[in-house]
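For reference, the structure is listed below as structure tokens.
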Amino acid sequence: MLHFYYGVMGSSKTAQLLMQRYNYQQLGLRVALVKPAIDTRAGESMVYSRVGLKAQAELVLENGHSAREQLLWLAARNACSGFEYVFVDEAQFLTPEQVQELADMSERLEIFCYGLKTDFQGNFFPGSAALLRLAEEIHEVPGGLCWCGAKATMNTRIDPEGNVIKKGQQVLIDNQQAIRYIGLCYKHWRKGISHA
């Protein structure tokens, strides 16, 4: 089954993924941890949560990689032979083709994808749009709050002075630019107010 867990920046998506993966491993279940190559915040193959949890990904997917071929290659390696559970972090960065391949493989694998639903402009990421179309189970990761205390529903790009940025390329990784991302409620995102 293909699962999609989405939430805004700061809702602890990666922390929940890593805890769920750990719990499965403690039960003796064989799991594979996957991340898109574009996420370089903590290094090429590190899955990292801002609360401090981290783990080494067994598979790093480039945009042009076939998710199916890469997972079959991984399964053939001794260390991961026979895994039944796949955890994908930053799933919004998957290509629609990779999501389709995961959906096709989900008859025999449990695949848990965690990521953002929309970008800083409120538009779907291609990977998220494909997951919303193809995932059999879709869950919102709760907990993201705006600075005002309301539920955060919008991912927001801000500059070092706290100004809300609403123009620019869809993907800018926050460790490579003088920007950061926060969750805001729709009202404060629309008005461009990132703090009290």
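Chain labels A, B, ... are given in the sequence in which chains occur in the structure tokens; within each chain residues are numbered consecutively from 1, and ligands are likewise numbered from 1 in the order shown.
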Quiz item: Any idea what's packed within 12 Å of Gly10 (chain A), counting only C-alpha atoms, ignoring anything in its chain fewer than 4 positions away? Could you give it as a ChimeraX atom specification?
Solution: /A:6,14-16,49-51,115-116,141-147,151-156,180-184
Contact table region 81-149 of chain A vs region 21-37 of chain A, cut-off 12 Å, shortest pair per residue, only C-alpha atoms, as a Markdown table:
```
| residue | atom | partner | partner_atom | distance |
| --- | --- | --- | --- | --- |
| A:Ser81 | CA | A:Arg30 | CA | 8.2 |
| A:Gly82 | CA | A:Arg30 | CA | 7.1 |
| A:Phe83 | CA | A:Arg30 | CA | 4.5 |
| A:Glu84 | CA | A:Arg30 | CA | 6.1 |
| A:Tyr85 | CA | A:Val31 | CA | 4.7 |
| A:Val86 | CA | A:Ala32 | CA | 4.8 |
| A:Phe87 | CA | A:Leu33 | CA | 5.0 |
| A:Val88 | CA | A:Val34 | CA | 4.7 |
| A:Asp89 | CA | A:Lys35 | CA | 5.2 |
| A:Glu90 | CA | A:Lys35 | CA | 6.5 |
| A:Ala91 | CA | A:Pro36 | CA | 7.3 |
| A:Gln92 | CA | A:Pro36 | CA | 9.0 |
| A:Phe93 | CA | A:Pro36 | CA | 6.3 |
| A:Leu94 | CA | A:Pro36 | CA | 6.5 |
| A:Thr95 | CA | A:Pro36 | CA | 9.5 |
| A:Gln98 | CA | A:Pro36 | CA | 10.4 |
| A:Val99 | CA | A:Pro36 | CA | 11.8 |
| A:Leu102 | CA | A:Val34 | CA | 11.7 |
| A:Leu109 | CA | A:Val31 | CA | 10.0 |
| A:Glu110 | CA | A:Val31 | CA | 9.5 |
| A:Ile111 | CA | A:Ala32 | CA | 9.5 |
| A:Phe112 | CA | A:Arg21 | CA | 9.6 |
| A:Cys113 | CA | A:Val34 | CA | 9.3 |
| A:Tyr114 | CA | A:Lys35 | CA | 10.0 |
| A:Gly115 | CA | A:Lys35 | CA | 10.6 |
| A:Gly127 | CA | A:Pro36 | CA | 10.8 |
```
Quiz item: How would you write, as a list in words, the set of residues in region 100-183 of chain A that DSSP gives as helix (DSSP H, G or I)?
Solution: Gln100, Glu101, Leu102, Ala103, Asp104, Met105, Pro126, Gly127, Ser128, Ala129, Ala130, Leu131, Leu132, Arg133 and Leu134 of chain A
Self-check item: Residue among A:Ala42, A:Met1, A:Leu18, A:Ala55 lying closest to Glu107 (chain A), counting only C-alpha atoms
Solution: A:Met1
Self-check item: For Ser45 (chain A): contacts at 8 Å, only C-alpha atoms, fewer than 5 positions along chain excluded, given as a ChimeraX atom specification
Solution: /A:35,37,40,56-60
Limited to N, CA and C atoms, could you put the picked residues into a file as a tab-separated table (two decimals), in the first residue's frame?
```tsv
chain	number	residue	atom	x	y	z
A	35	LYS	N	15.67	8.68	0.11
A	35	LYS	CA	15.50	10.13	0.02
A	35	LYS	C	15.87	10.60	-1.38
A	37	ALA	N	17.82	12.91	-4.04
A	37	ALA	CA	19.17	13.48	-4.03
A	37	ALA	C	19.17	14.99	-3.86
A	40	THR	N	19.91	18.09	0.24
A	40	THR	CA	21.30	18.02	0.69
A	40	THR	C	21.53	18.74	2.02
A	56	GLN	N	21.04	7.22	8.18
A	56	GLN	CA	21.63	7.10	6.85
A	56	GLN	C	20.63	6.45	5.90
A	57	ALA	N	20.36	7.09	4.76
A	57	ALA	CA	19.47	6.50	3.76
A	57	ALA	C	20.18	5.36	3.05
A	58	GLU	N	19.46	4.27	2.81
A	58	GLU	CA	20.02	3.17	2.03
A	58	GLU	C	20.00	3.47	0.54
A	59	LEU	N	19.13	4.41	0.15
A	59	LEU	CA	18.97	4.72	-1.27
A	59	LEU	C	18.74	6.20	-1.45
A	60	VAL	N	19.50	6.81	-2.36
A	60	VAL	CA	19.34	8.22	-2.71
A	60	VAL	C	18.92	8.27	-4.17
```
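Shortest atom-to-atom contact with Glu69 (chain A) among A:Glu101, A:Glu44, A:Asp159, A:Asp39: A:Glu101, counting only C-alpha atoms.
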